[in-house]
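The structure appears below as structure tokens.
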Amino acid sequence: MNSDFGTLRTRIVRLCADGAFVEAFLALEDAEIESQAAVSLWEYLERQMSRVGETKLASTVRARLATAGVYTEKMAIADAEAALEHEDFHRASLILRSAFGALDLPKDAARAMARALNGLANPDALVHLTELAHAEPDMAIMEIDLLRAEDALISAQDKSAEYAALFPTDDRFLVRGARIAASLNQWDVALDQWKKLQERGSFPRSTTLGNQVRLLWRLERKDAAMDTLSEFLLAGPALTELIPVTYTLGLGDLLDEALAKAVQRNPVTPVPDQDWDAIAQYLLDIGRLGHVAWLSQAGIPIGSTAQLALQAASRLLGNRALEIGSLPSAARLSSPDCLLPFALFQRHARPVPLPPKSQMSVMLVNASLVSGGAERQFGMMVKALLLQGLRPDQIDVALFSLSEDRGRSHFLRDLEELGVQIHDLENVPNSFLRMPSELEDRCALLPKPLRADVAALYKLLEHKRPDVLHGWQDRASLACGFLGAHLGIGQIVLSARNMQPSRRDRGLQQDDRALFSALCGLPNVKLVANSRAGARDYEDWLDRPVGDVGVMNNGLEIDRFTKIAQPAHNQVAKGRRVVNIVGVFRLAPNKRPELWLETVAKLQGRSQYDIRPRIAGVGPLSDIAQERAAALRLRDFHLEGGLVDPADIYRDADVVLLMSRVEGTPNVLLEAQALGIAVAGCDVGGVKEAILDDTEAAGLLLSEDITPEDAAAAIEDWLPQALNGSRAERMSFIANRFSVEALGALAMEYYGQSDGEGAQ
Amino acid sequence: MTGARLLIDFAGSDPVAGLLAAQIGADGTLQTVTASHMFGPQDTVWFCSQNGFFDAVDRCQSTGATVNVIVRRAAKSPARHHPLQYDLLKTLVAKVSGFSLRLFALGEAAATEIRASGLECEPLVYPQGGGAQTFGRAEFNAGQSRFRLLSENRDSVLDFDAINWARLARDYRLSAVQEDPPDLIDMAEFANRLPAKQPADRSDFLFVTPNGVGLGHLTRQLAIAKELQNASPDPDQVKIAFWCFSRAATIIQRAGYSVFLRHNADHLGADTPPWQQWETQAFAHHLRHSRPTAVIADGSRIEPFIVDAMKQPGCHHARLFWIRRGMWRADADDRSLADVRFCDRVLIPGDLASAADPGATARSNPHPAGLSSLVTTAPVVLSKPDDRLTRRAARRALGIGIGRGKTCLVSLGGEAFARTSIIHDKLIEAARKARVRLIWAQSPMAARPSVDNDNEERVSLYPVTPYLAAFDGVVAATGYNTFHELMLQCTCPVLFVPTTNERLDDQAARARFASEQGWAEILEHETGEEEEAKLDAFFQQLRQSQPVSRPALRRDGAIEMATEILNATTARGTS
Amino acid sequence: MAAGPNDLAGVDPDALRVLRRAGLERQDLAQRLARFEFQSLRRELSSASVFDLQVDVATRKADPVPEQAEPEMSMPAELLAGLPQLPVPLGRIAWTKRPEDLQVAGILIDVAGDDAALSSALLSLLTEHHRNPFARIVFLCRTLDPVHVLGRYGFLCHQVGRADPASIGALMQRRYGIQQIRSLDSGRKLWSALD
């Protein structure tokens, strides 16, 4: 059936004008006209369809044109952009590469290529982005985000600053700068950026205030946080901003209220769908499964990720469990509690029996290797195992992150020198290994960061199947415990942190008690703490009998310290004995640097000695510490960051003073006494156990909530005894109780390699 | 409180909202705050918690409104984060401007704690409060968020969010213990000191009529409405209204009652949630304004819009009655039996066939009774023996002649469920052979049929029972009303043809029971052969004109139901 | 230029054809059903006694035309503004491709006391509606008399009592998005959302 071309053309034009694109397409498809002859009509149709956004049909038409040998660069870009819209980045990059090659693309094409490569997390995107970024803010943003995705945070921070100056009215660069600073734990810098944004006035006020609130809360500046929070509320924040702030501050009732109101009012003042999506995901991340189910029942569009999680919950818990009639009842369904208790040994008849020492394999897991006492002890643990006769090939070490920019690889070289296998879980090679579907469902319901940690750890664990799995600190312990229980790992040891989470981190809202308790109930799981006080504290928190939680004291390489130990200096200045009071701690809120400075200032004011204070450490409160010292007119004060060698850290120290609010067994007090130095500390956690007592060389135990005045008075009274006490006695105390050998022996007991019950 | 509007802001299921409305004696000007509300200088806005205030504080700024905030104590134990809320409130109090702010506490203990944190507040208790006489105790079970209701003849449970607490406080004293979270203790104190409920100075009844396919629900409700009127010394002063989803609303108006014609989601082609929102708000608004003394719902469940509306502040005045027929099919979903917990009374219209009840309604209700008590009355029928016409008068009124020929009324139920098309021809043939005239009863709600068959005579009237004497026999479906009106008020032969595709009602069981008692014959869907033989036998019986012995109507279920309703709605509510 | 990357794009024309045919068949069936329903309605409205109900239940005298019959009429604007709009059915006697594109119109049934005139007016209106659906209709009835007939054919009826068109319009605009109210009797526009 031949169609008159003119009649056909008229018909096509009319159909396009009516919006009947499917009709037009079929009319042209069915008309028996050769492709070449119909090219102009197909082109016309493609233009009309693209104009109104009929992208799928338009791309079909382009395929017809390509068949006819007509495929312009413009069409290639249009096809690439259609693919990008569907997040088919690979297809987009292929189209562009075949049309334009890989380099020197025209601007439009380069832009699309940058998006495609960025979507594939391909660093080659940077090549295109860097060229475009100086002229195009969107490309600059993409460049920064790609750097962040590559974990090149310092570079990303530099770029943010550079482009913030280049595009001074574009707020996004300040925002990026603030977020990157927070990732690098530069909280004061981040705070500054948000304040700048607030002053500009062009950025939503509630967003800048909300971010400030959270940072102030982390810095434990409660009054400032409350003040900013009130401004935040007066700014009428969006729900997506309000919920994370309320959660961070522990204002769960306000979170529920805001959520209930938003749902009530949604039919008339709807929250955008993508916001509900984000809120649902956030609620899943904080373990509020019942809240998500309630939203879904209320007809809220929670998004596909949350829907999949609810489907997983339905499979595991049954549909009834998800019938949440009201928000108060939603609170009763939370994760991971809803997944507990563990079935005994899960699907295994019993855990795998342990092989003899020469054949056993051990995997130790920690969050990272930042510069901290727990991380130092992590390294010590590995050394201790080697000293017990394990070979390096028997030991695997897994870290959730070794990001250099974030300082998470501080002890990496030390570990590498030990020859053990180190696994960076952020960069595991791809494998096709999938979790069994039931475990996958369980993981989908876990809150963050546990969900991500379990996912990251699974492949390695399934591949290696160690005989002993040892989680270090709460975060790794929970992931190890959860996975280990499911995979039937023979022996699981969980090294808890210094004290129960609810006492430690006031900002922390996730309640892990049920999960810890469930793990402790398994016969192949052992929870240990690094002090008796810590062990009792965990027993109290988990309602376990006394002795249930084991004790594994910190270990110290005694020789290393014995070698560098110096006799006391006897420096005198203007007739007064110089006393060097040293603090060795991270400049973070729980170390209470302000209390330390005020105490030492008081001491300077009243002491018979020439008190010379020094702090060796870095942290988010460094600047504040300097300011405070100046305000107190502290004489001869030095703040030294970045010292690594104990000889430098403890040089000429007469007293090491530690005034933390939370501690396990503080390494610094052990190290100081290993060098013969007198120590003083507040009675928290395992500090008491770490300090030599009952002799002339005894340390000084201060009460937990002591005032600077009282502390200064107590130190002053104690100083004569401290300065004259036997350095050898202190060193011997440490050598007997806190050696690496002792640590290793205890560990092997907990690994099931001896008959002993371990220390209690 | 003065002000053009009285607004209460609350989230979902906060019990304080309902209690507050009862406390401040909110009248019809009460509104619940929505996103569309812009506060103004004439408004008094109550926030039921400091969190509600936090969420809305930006909307209060510079409005000139009077803002009252009830500061709440910790609702969960341990309450370690709660002092933060006081700190935040203090900070905000110092910053807000452009409106008047007052802080209240639910009770004395709460006021003391809140003042200790540095906030000025006053207790919100009625000075002479607590005068209400209660008949039971409602103990908190905070862990499970439910009450244990205890009285002389009750030990039941009720979830916190099941009802408006002001309803509960009418009859129960809320009982908290020291270990309960402070907020619960405060709410108990507040509830127990609400002003005593004044006796209703008038009778005002609101029936809720579902969209039944037949007229069963409506018929029962009309019977009860009539008796509620009759029980009053001045029947015209009794206010009776119907919240009616049925197309038979006209019948109600003809009966002399007010009708609110409503539509369900199906009528509109709407999704249930938006429809339910409208219906809930409309119902709540009506309850707040009109303050009926009783809401009387007839159906297989208490519709969620009723439950939700009665939970709203200012909607606590009415008692809720559920007229719930028995004889549910054995395979029927019985989850709606849980709705008893929302009701003050569940009134079961007696069923002559109750001994044969196969379903959940015959067994003990597995769900908690909550507030409710169950009362079974005698069968409820609309037409009474006194309403009956003589044979001659009935025939004349129906226009079917007063000759000696035999006639049989055919009444096979609601149009959606009739098996007319299946049985129609067989009936006609059997009647023709027996020389019996068939008169087809058609619901007045049904459309006229498409083909007028000369042989088919029809009557379309309601109710038809007063005219039964005109007929020598009846062929009928076995719905509740038809069954009882026939069994209690007529002596001619009856052939029951139970409808088997009714969702809930087990007509077959009812019909079988009647057959076993010798009260009626039954024609169930069997082989064609048997059907014809049965029909022949029935018409033979009809021709013989032998009266059939059946139970007598000794008690009137409608009067009993009306009495129950009246007793429950007087000032002294029973538990 | 190579067509490789594009050959998997877009839609399948055969599938499109199948869908189009199914759509047309569905449309044909719906139109036939509508015709059937209309014939039934026409038959009913041709009888003067269509609205008669042989009902004998009167227990007392009541006002068949109440002052106000819609509780929502006294609801404050802010409460109404907080409620979502509800759909209005087309009625079973009509078919159109996209009923949701038709505006919603209110027809005030103000032909009181004369059933013949009422049924004639309704027949005229609904014949037009059947032939060429012009709106989704909400019948605004002073009394309940026409309700049982109109309701049978899927039409939406509200009882508005003696309320004035402006009050009715404000409520119905909120509830259904009604744009205008016309009189059944005269066809005159009584209220418009644009006024």
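To be explicit about the labels: the chains of the structure tokens are called A, B, and onward in the order shown, and within each one the residues are counted from 1, while ligands get numbers from 1 in the order they are shown.
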
From a backbone DSSP assignment, name each residue in range 262-422 of chain B labelled alpha helix (DSSP H), as a count of residues only. 42

Closest atom pairs, chain B residues within 7 Å of chain A, only C-alpha atoms, as CSV:
```
residue,atom,partner,partner_atom,distance
B:Ala11,CA,A:Ala260,CA,5.8
B:Gly12,CA,A:Ala260,CA,6.3
B:Thr34,CA,A:Arg265,CA,6.8
B:Ala35,CA,A:Arg265,CA,6.1
B:Asn51,CA,A:Leu254,CA,5.0
B:Gly52,CA,A:Glu257,CA,6.4
B:Phe54,CA,A:Leu233,CA,6.5
B:Asp55,CA,A:Ala258,CA,6.1
B:Val57,CA,A:Leu234,CA,6.0
B:Asp58,CA,A:Leu234,CA,4.5
B:His81,CA,A:Gly250,CA,6.3
B:Leu88,CA,A:Met226,CA,5.8
B:Thr91,CA,A:Asp227,CA,6.3
B:Leu92,CA,A:Ser230,CA,5.6
```

Selected residues written out with N, CA and C atoms, as a compact mmCIF listing (two decimals), in the first residue's frame:
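File produced: selection_3.txt:
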```txt
# COMPACT_ATOMS: atom_id res chain seq x y z
N ALA B 11 -0.57 15.53 68.00
CA ALA B 11 -0.12 14.53 67.02
C ALA B 11 -0.90 13.25 67.24
N GLY B 12 -1.48 12.77 66.16
CA GLY B 12 -2.11 11.46 66.11
C GLY B 12 -2.81 11.00 67.35
N THR B 34 -4.63 22.39 61.52
CA THR B 34 -4.11 21.78 60.29
C THR B 34 -3.02 22.70 59.73
N ALA B 35 -2.38 22.22 58.67
CA ALA B 35 -1.32 23.02 58.05
C ALA B 35 -1.86 24.33 57.50
N ASN B 51 6.72 19.41 72.37
CA ASN B 51 7.21 19.01 71.05
C ASN B 51 6.32 19.55 69.94
N GLY B 52 5.02 19.57 70.20
CA GLY B 52 4.11 20.19 69.23
C GLY B 52 4.44 21.66 69.05
N PHE B 54 7.42 23.01 69.59
CA PHE B 54 8.71 23.10 68.87
C PHE B 54 8.47 22.98 67.37
N ASP B 55 7.61 22.06 67.01
CA ASP B 55 7.38 21.79 65.59
C ASP B 55 6.70 22.96 64.91
N VAL B 57 6.61 26.34 66.21
CA VAL B 57 6.94 27.65 66.80
C VAL B 57 7.11 28.74 65.74
N ASP B 58 7.61 28.34 64.57
CA ASP B 58 7.80 29.36 63.53
C ASP B 58 6.47 29.93 63.07
N HIS B 81 17.07 11.88 78.45
CA HIS B 81 17.15 12.99 77.51
C HIS B 81 16.11 14.07 77.78
N LEU B 88 15.63 23.44 75.98
CA LEU B 88 15.26 24.00 74.69
C LEU B 88 14.06 24.93 74.85
N THR B 91 15.17 28.20 76.28
CA THR B 91 15.86 29.03 75.27
C THR B 91 14.85 29.66 74.32
N LEU B 92 13.87 28.88 73.93
CA LEU B 92 12.86 29.41 72.99
C LEU B 92 11.99 30.47 73.63
```

Excluding same-chain residues fewer than 6 positions from Asp308 in chain B, what lies within 10 Å of it counting only C-alpha atoms, as a ChimeraX atom specification? /B:12-13,162-164,276-277,279-281,283-284,315

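Each of C:Arg60, C:Arg43, C:Arg21, C:Arg174 was compared to chain B using only C-alpha atoms, and C:Arg60 turns out to be the nearest.
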
With 10 Å as the cut-off and only C-alpha atoms counted, what is the closest atom pair between each nearby residue of chain A and chain C? Distances in Å to one decimal, ordered by chain and number, as a Markdown table.
```
| residue | atom | partner | partner_atom | distance |
| --- | --- | --- | --- | --- |
| A:Val22 | CA | C:Leu16 | CA | 7.8 |
| A:Glu23 | CA | C:Arg20 | CA | 9.3 |
| A:Phe25 | CA | C:Pro13 | CA | 8.4 |
| A:Leu26 | CA | C:Pro13 | CA | 6.9 |
| A:Glu29 | CA | C:Pro13 | CA | 8.0 |
| A:Asp30 | CA | C:Pro13 | CA | 9.6 |
| A:Thr55 | CA | C:Gly10 | CA | 8.3 |
| A:Lys56 | CA | C:Gly10 | CA | 4.9 |
| A:Leu57 | CA | C:Gly10 | CA | 5.6 |
| A:Ala58 | CA | C:Gly10 | CA | 7.5 |
| A:Ser59 | CA | C:Gly10 | CA | 5.5 |
| A:Thr60 | CA | C:Gly10 | CA | 4.2 |
| A:Val61 | CA | C:Gly10 | CA | 7.9 |
| A:Arg62 | CA | C:Asn6 | CA | 7.5 |
| A:Ala63 | CA | C:Asn6 | CA | 5.3 |
| A:Arg64 | CA | C:Asp7 | CA | 8.5 |
| A:Leu65 | CA | C:Ala3 | CA | 8.8 |
| A:Ala66 | CA | C:Ala3 | CA | 5.2 |
| A:Thr67 | CA | C:Ala3 | CA | 6.4 |
| A:Ala68 | CA | C:Ala3 | CA | 9.2 |
| A:Gly69 | CA | C:Met1 | CA | 6.5 |
| A:Val70 | CA | C:Met1 | CA | 7.5 |
| A:Tyr71 | CA | C:Met1 | CA | 6.3 |
| A:Thr72 | CA | C:Met1 | CA | 8.3 |
| A:Glu73 | CA | C:Met1 | CA | 9.7 |
| A:Ala76 | CA | C:Asn6 | CA | 9.1 |
| A:Asp79 | CA | C:Asn6 | CA | 7.8 |
| A:Ala80 | CA | C:Pro5 | CA | 9.7 |
| A:Ala82 | CA | C:Ala9 | CA | 9.8 |
| A:Ala83 | CA | C:Ala9 | CA | 9.3 |
| A:Arg91 | CA | C:Pro5 | CA | 7.2 |
| A:Ala92 | CA | C:Pro5 | CA | 8.9 |
| A:Leu94 | CA | C:Pro5 | CA | 7.2 |
| A:Ile95 | CA | C:Pro5 | CA | 6.0 |
| A:Leu96 | CA | C:Pro5 | CA | 9.7 |
| A:Ser98 | CA | C:Ala2 | CA | 7.9 |
| A:Ala99 | CA | C:Met1 | CA | 7.8 |
| A:Gln264 | CA | C:Gly82 | CA | 9.1 |
| A:Arg265 | CA | C:Gly82 | CA | 6.9 |
| A:Asn266 | CA | C:Gly82 | CA | 9.0 |
| A:Pro267 | CA | C:Pro84 | CA | 5.6 |
| A:Val268 | CA | C:Gly82 | CA | 5.5 |
| A:Thr269 | CA | C:Gly82 | CA | 8.2 |
```

Between CA of Ser622 in chain A and CA of Leu369 in chain A, what is the spacing in Å? 20.8 Å
